[in-house]
Structure formats: C-alpha cells, structure tokens
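Data block for data08.cif (mmCIF, C-alpha atoms and all ligand atoms):
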data_my_file
loop_
_atom_site.label_atom_id
_atom_site.label_comp_id
_atom_site.auth_asym_id
_atom_site.auth_seq_id
_atom_site.Cartn_x
_atom_site.Cartn_y
_atom_site.Cartn_z
CA MET A 1 0.00 0.00 0.00
CA ILE A 2 1.44 3.32 -1.09
CA PHE A 3 -0.65 5.35 1.35
CA ASP A 4 -3.99 5.09 3.03
CA TYR A 5 -6.76 7.31 4.20
CA PRO A 6 -7.68 7.34 7.91
CA GLU A 7 -9.59 4.27 9.09
CA SER A 8 -12.55 6.29 10.24
CA GLN A 9 -13.87 9.79 10.10
CA GLN A 10 -11.17 12.23 11.07
CA GLU A 11 -12.01 14.18 14.19
CA ARG A 12 -10.61 17.63 14.81
CA VAL A 13 -8.20 17.90 17.73
CA HIS A 14 -7.73 21.67 17.74
CA GLU A 15 -10.25 24.46 17.88
CA PRO A 16 -8.40 27.77 17.96
CA ALA A 17 -10.37 30.99 17.63
CA GLY A 18 -9.95 34.72 17.82
CA TYR A 19 -7.73 35.35 14.82
CA VAL A 20 -8.55 38.23 12.51
CA SER A 21 -7.02 36.55 9.46
CA TYR A 22 -7.72 32.99 8.38
CA LYS A 23 -4.06 32.68 7.40
CA SER A 24 -3.19 32.75 11.11
CA PHE A 25 -4.70 29.27 11.42
CA ARG A 26 -1.98 27.76 9.20
CA PRO A 27 0.16 26.25 12.02
CA TRP A 28 -2.93 24.70 13.60
CA LEU A 29 -4.13 23.28 10.29
CA ARG A 30 -0.71 21.89 9.36
CA ASP A 31 -0.73 19.93 12.61
CA GLU A 32 -4.43 19.05 12.36
CA PHE A 33 -3.95 17.46 8.97
CA THR A 34 -0.48 16.05 9.72
CA PHE A 35 1.14 18.14 7.00
CA ARG A 36 -1.00 16.46 4.33
CA CYS A 37 -3.56 17.60 1.82
CA VAL A 38 -6.94 16.57 3.20
CA TYR A 39 -8.07 15.56 -0.29
CA CYS A 40 -5.17 13.74 -1.98
CA LEU A 41 -2.97 13.06 1.09
CA GLN A 42 0.12 14.53 -0.54
CA ARG A 43 2.61 15.29 2.22
CA GLU A 44 4.10 18.70 2.49
CA SER A 45 7.58 17.24 2.74
CA TRP A 46 7.13 15.37 -0.53
CA GLY A 47 6.56 18.54 -2.48
CA GLN A 48 7.87 22.02 -2.30
CA VAL A 49 6.75 23.43 1.03
CA THR A 50 6.65 27.12 0.25
CA GLY A 51 3.45 28.04 -1.47
CA GLU A 52 2.42 24.50 -2.29
CA PHE A 53 -0.15 24.14 0.47
CA GLU A 54 -3.08 26.41 1.00
CA LEU A 55 -5.84 26.93 3.52
CA ASP A 56 -9.05 25.91 1.82
CA HIS A 57 -12.39 27.23 2.93
CA PHE A 58 -14.38 24.01 2.79
CA GLU A 59 -17.54 26.04 2.45
CA PRO A 60 -16.35 28.65 -0.08
CA GLN A 61 -15.98 32.23 1.11
CA SER A 62 -18.13 33.37 -1.80
CA LEU A 63 -21.02 31.28 -0.49
CA ALA A 64 -20.40 31.57 3.24
CA PRO A 65 -18.52 34.80 3.96
CA LEU A 66 -19.42 34.63 7.65
CA ARG A 67 -17.46 31.37 7.96
CA SER A 68 -14.21 32.76 6.60
CA LEU A 69 -12.68 32.83 10.11
CA ASP A 70 -14.33 29.62 11.29
CA TYR A 71 -11.58 27.11 12.01
CA LEU A 72 -13.93 24.19 11.44
CA ASN A 73 -14.52 25.47 7.91
CA LEU A 74 -10.82 25.40 7.06
CA VAL A 75 -8.87 22.45 5.73
CA TYR A 76 -5.27 22.04 4.63
CA ALA A 77 -5.02 21.39 0.92
CA CYS A 78 -2.34 21.24 -1.71
CA ARG A 79 -2.45 23.92 -4.38
CA ARG A 80 -3.59 21.42 -7.02
CA CYS A 81 -6.61 20.23 -5.05
CA ASN A 82 -7.54 23.72 -3.91
CA SER A 83 -7.35 25.03 -7.47
CA VAL A 84 -9.53 22.17 -8.75
CA LYS A 85 -12.07 22.64 -5.97
CA LEU A 86 -12.31 26.43 -6.31
CA ASP A 87 -15.83 27.45 -5.27
CA GLN A 88 -17.40 24.01 -5.69
CA GLN A 89 -19.38 22.72 -2.80
CA VAL A 90 -18.03 19.27 -2.12
CA ALA A 91 -18.87 16.60 0.40
CA ASP A 92 -16.94 16.54 3.65
CA PRO A 93 -13.55 14.89 3.01
CA LEU A 94 -13.18 14.11 6.70
CA THR A 95 -16.16 11.79 6.39
CA LEU A 96 -15.90 10.52 2.83
CA LEU A 97 -12.18 10.06 2.42
CA SER A 98 -11.61 7.35 4.97
CA SER A 99 -10.49 3.79 4.35
CA ASP A 100 -14.00 2.44 4.89
CA ALA A 101 -15.32 4.72 2.13
CA VAL A 102 -12.40 4.68 -0.31
CA ALA A 103 -10.08 1.93 -1.48
CA ILE A 104 -6.70 2.66 -2.98
CA LEU A 105 -5.62 0.19 -5.62
CA PRO A 106 -1.95 -0.83 -5.86
CA ASP A 107 -1.49 1.56 -8.80
CA GLY A 108 -2.80 4.47 -6.70
CA VAL A 109 -6.24 4.68 -8.28
CA LEU A 110 -8.98 5.61 -5.81
CA VAL A 111 -12.25 3.70 -5.81
CA GLY A 112 -15.15 5.15 -3.85
CA HIS A 113 -17.44 2.71 -2.06
CA ARG A 114 -20.16 5.28 -1.55
CA THR A 115 -21.88 7.45 -4.14
CA GLU A 116 -20.71 10.59 -2.33
CA SER A 117 -17.12 9.33 -2.22
CA LYS A 118 -17.19 8.59 -5.95
CA ARG A 119 -18.56 12.08 -6.60
CA LEU A 120 -15.87 13.70 -4.46
CA ILE A 121 -13.11 11.74 -6.23
CA SER A 122 -14.52 12.90 -9.55
CA GLN A 123 -15.08 16.54 -8.52
CA LEU A 124 -11.48 16.87 -7.33
CA ASP A 125 -10.06 14.69 -10.11
CA LEU A 126 -8.25 12.63 -7.48
CA ASN A 127 -7.41 9.98 -10.06
CA SER A 128 -5.53 12.50 -12.16
CA PRO A 129 -2.26 11.05 -13.50
CA LYS A 130 -0.58 14.10 -11.96
CA LEU A 131 -1.31 12.65 -8.54
ZN ZN B 201 -4.20 17.57 -2.75
#
Starting from the file, give its structure as structure tokens.
Ligand SMILES: [Zn+2]
Amino acid sequence: MIFDYPESQQERVHEPAGYVSYKSFRPWLRDEFTFRCVYCLQRESWGQVTGEFELDHFEPQSLAPLRSLDYLNLVYACRRCNSVKLDQQVADPLTLLSSDAVAILPDGVLVGHRTESKRLISQLDLNSPKL
C-alpha cells in the first residue's frame, strides 16, 4: 500500500479561535492534517513546502462569507486540489475520504465505495495522473 486514508472519520483535535485573518490558522491546520492535503494526502515534505499548500475554505468564502474565520470550515489542501475545488461545494472529506469509504488500488487509483465518495473523487479529479 502506497498510502492510506484514515480508518474512520477524522475528528478535529484543535479548535483555535480569535484570529482576525484565516491565514493565522496555518500552524494549527498543518498539525491538524499532519502536513497532508486533506483531499489527496500529498505530504508537504514530498513537495515544495513554500506556497504549495493552501488553507481551503471548505464552504467557499463566496457562499459563506461569515465562515471565513471559522476554524472548522478550514482544511489544509495542496495547491492542485484547492485550485480544482475552487468554489465548488463538495462533500466533507473528513467523512468521505476514509479507508472504509475509499479503497486505494496498488497503482494508486482511488475507488469510492459510496456514491458521495465517488462524486468527491470525480469533482477533485483525485485519479488524475498528476497525482
Ligand atoms: Zn491535494
């Protein structure tokens, strides 16, 4: 197995608040998501660190401006996944990208077991050859 998604739904361990810029949450989110993209699991250390990882507003700022400083609305994502997601509303990766919902074939191809997981894999093009 090259890599694997968490066995069950990922639970948040931090809940900082009080920042006036969402970018201030970066250290918390790096730790929360163990330096990995929540969508494709690319590790920060495997790519170029500077500028490669972004703070994604799970519920897009354009649709939920009042959640722009809500820590629970932020996820850590690589630039590729964040740029593919853009302002799409996608299903919660913490629920749908777990090993009971997604299988990873030996060649790295993701297979969703649930309709929502299949849709999320498609929306984010997680089977892109670039990944
Ligand atoms: Zn990614």
- With all atoms listed in the file as the basis for distance, which of A:Ala64, A:Ala77, A:Val102, A:Leu120 is at the shortest distance from Thr34 of chain A?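 Of all the options, A:Ala77 lies closest to Thr34 of chain A.
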- Query: Any idea what's packed within 12 Å of Ser62 of chain A, counting only C-alpha atoms, ignoring anything in its chain fewer than 4 positions away? Could you give it as a list in words?
  - Reply: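 Using only C-alpha atoms, the neighbours found are His57, Phe58, Leu66, Arg67, Ser68, Leu86, Asp87, Gln88 and Gln89 of chain A.
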- Task: Output the neighbourhood of ligand ZN 201 (chain B) as a VMD selection string, that is, all protein and nucleic acid residues with some atom at most 7 Å from the ligand, counting all atoms listed in the file.
- Result: chain A and resid 37 to 42 77 to 81
- Task: Just give me the gap between atom CA of Ser98 of chain A and atom CA of Asp70 of chain A in Å, one decimal is fine.
- Result: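 About the pair atom CA of Ser98 of chain A and atom CA of Asp70 of chain A: they are 23.3 Å apart.
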- Query: What does the distance from atom CA of Gly108 of chain A to atom CA of Gln123 of chain A come to in Å, to one decimal?
  - Reply: 17.3 Å
- Task: Kindly indicate which residue among A:Leu96, A:Val75, A:Leu29, A:Leu69 lies nearest to Ile121 of chain A, using only C-alpha atoms for the distances.
- Result: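 For Ile121 of chain A, the nearest of the given residues is A:Leu96.
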- Message: I need the residue nearest Leu131 of chain A from this list: A:Val109, A:Tyr76, A:Leu97, A:Gly18. Use only C-alpha atoms for the distance.
- Response: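 With only C-alpha atoms as the atom set, the closest residue is A:Val109.
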- Calculate how many Å separate atom CA of Phe33 of chain A from atom CA of Glu59 of chain A, rounding to one decimal. 17.3 Å
- Message: Counting all atoms listed in the file, find residues at most 12 Å from (-5.0, 31.1, 9.8) (file frame) and give them as a list of chain:residue names.
- Response: A:Glu15, A:Pro16, A:Ala17, A:Gly18, A:Tyr19, A:Val20, A:Ser21, A:Tyr22, A:Lys23, A:Ser24, A:Phe25, A:Arg26, A:Pro27, A:Trp28, A:Leu29, A:Arg30, A:Glu54, A:Leu55, A:Asp56, A:His57, A:Ser68, A:Leu69, A:Asp70, A:Tyr71, A:Leu72, A:Asn73, A:Leu74, A:Val75, A:Tyr76
- Nearby residues, (-10.2, 1.3, -0.9) file frame, 12 Å, all atoms listed in the file, as an MDAnalysis selection string: chainID A and resid 1:7 96:114 117:118
- Option closest in space to Asp31 of chain A, from A:Thr115, A:His14, A:Val90, A:Arg43 [counting only C-alpha atoms]: A:His14
- Task: Find the residue from A:Glu11, A:Glu44, A:Glu52, A:Asp125 that sits nearest to Glu32 of chain A; use all atoms listed in the file when measuring.
- Result: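 That would be A:Glu11, the residue with the smallest distance to Glu32 of chain A.
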Since the input is missing atoms for segment 91-119 of chain A, could you rebuild it with N, CA and C atoms and give the result as a compact mmCIF listing (two decimals), in the coordinates of the input?
# COMPACT_ATOMS: atom_id res chain seq x y z
N ALA A 91 -18.55 17.32 -0.83
CA ALA A 91 -18.87 16.60 0.40
C ALA A 91 -17.68 16.63 1.35
N ASP A 92 -17.95 16.45 2.60
CA ASP A 92 -16.94 16.54 3.65
C ASP A 92 -15.85 15.47 3.48
N PRO A 93 -14.62 15.88 3.18
CA PRO A 93 -13.55 14.89 3.01
C PRO A 93 -13.21 14.15 4.30
N LEU A 94 -13.50 14.77 5.43
CA LEU A 94 -13.18 14.11 6.70
C LEU A 94 -14.08 12.90 6.92
N THR A 95 -15.23 12.90 6.28
CA THR A 95 -16.16 11.79 6.39
C THR A 95 -15.99 10.81 5.23
N LEU A 96 -15.85 11.36 4.03
CA LEU A 96 -15.90 10.52 2.83
C LEU A 96 -14.56 10.03 2.32
N LEU A 97 -13.48 10.55 2.85
CA LEU A 97 -12.18 10.06 2.42
C LEU A 97 -11.53 9.33 3.59
N SER A 98 -12.16 8.23 3.95
CA SER A 98 -11.61 7.35 4.97
C SER A 98 -11.53 5.96 4.35
N SER A 99 -10.75 5.09 4.98
CA SER A 99 -10.49 3.79 4.35
C SER A 99 -11.74 2.92 4.26
N ASP A 100 -12.77 3.22 5.04
CA ASP A 100 -14.00 2.44 4.89
C ASP A 100 -14.87 2.96 3.75
N ALA A 101 -14.54 4.14 3.22
CA ALA A 101 -15.32 4.72 2.13
C ALA A 101 -14.57 4.73 0.80
N VAL A 102 -13.24 4.59 0.88
CA VAL A 102 -12.40 4.68 -0.31
C VAL A 102 -11.34 3.59 -0.26
N ALA A 103 -11.17 2.90 -1.37
CA ALA A 103 -10.08 1.93 -1.48
C ALA A 103 -9.02 2.51 -2.42
N ILE A 104 -7.79 2.21 -2.12
CA ILE A 104 -6.70 2.66 -2.98
C ILE A 104 -6.08 1.41 -3.61
N LEU A 105 -6.17 1.33 -4.90
CA LEU A 105 -5.62 0.19 -5.62
C LEU A 105 -4.09 0.27 -5.63
N PRO A 106 -3.43 -0.84 -5.88
CA PRO A 106 -1.95 -0.83 -5.86
C PRO A 106 -1.33 0.21 -6.81
N ASP A 107 -2.05 0.55 -7.88
CA ASP A 107 -1.49 1.56 -8.80
C ASP A 107 -1.84 2.99 -8.38
N GLY A 108 -2.48 3.15 -7.22
CA GLY A 108 -2.80 4.47 -6.70
C GLY A 108 -4.17 4.99 -7.08
N VAL A 109 -4.90 4.24 -7.89
CA VAL A 109 -6.24 4.68 -8.28
C VAL A 109 -7.19 4.56 -7.09
N LEU A 110 -8.00 5.60 -6.89
CA LEU A 110 -8.98 5.61 -5.81
C LEU A 110 -10.31 5.06 -6.30
N VAL A 111 -10.94 4.24 -5.49
CA VAL A 111 -12.25 3.70 -5.81
C VAL A 111 -13.16 4.03 -4.63
N GLY A 112 -14.20 4.80 -4.90
CA GLY A 112 -15.15 5.15 -3.85
C GLY A 112 -16.15 4.04 -3.64
N HIS A 113 -16.43 3.72 -2.38
CA HIS A 113 -17.44 2.71 -2.06
C HIS A 113 -18.82 3.31 -1.95
N ARG A 114 -18.87 4.59 -1.71
CA ARG A 114 -20.16 5.28 -1.55
C ARG A 114 -20.35 6.24 -2.72
N THR A 115 -21.57 6.52 -3.05
CA THR A 115 -21.88 7.45 -4.14
C THR A 115 -21.21 8.80 -3.89
N GLU A 116 -21.29 9.28 -2.65
CA GLU A 116 -20.71 10.59 -2.33
C GLU A 116 -19.19 10.57 -2.45
N SER A 117 -18.57 9.44 -2.10
CA SER A 117 -17.12 9.33 -2.22
C SER A 117 -16.72 9.33 -3.69
N LYS A 118 -17.47 8.61 -4.51
CA LYS A 118 -17.19 8.59 -5.95
C LYS A 118 -17.31 10.00 -6.53
N ARG A 119 -18.34 10.72 -6.11
CA ARG A 119 -18.56 12.08 -6.60
C ARG A 119 -17.40 12.99 -6.18
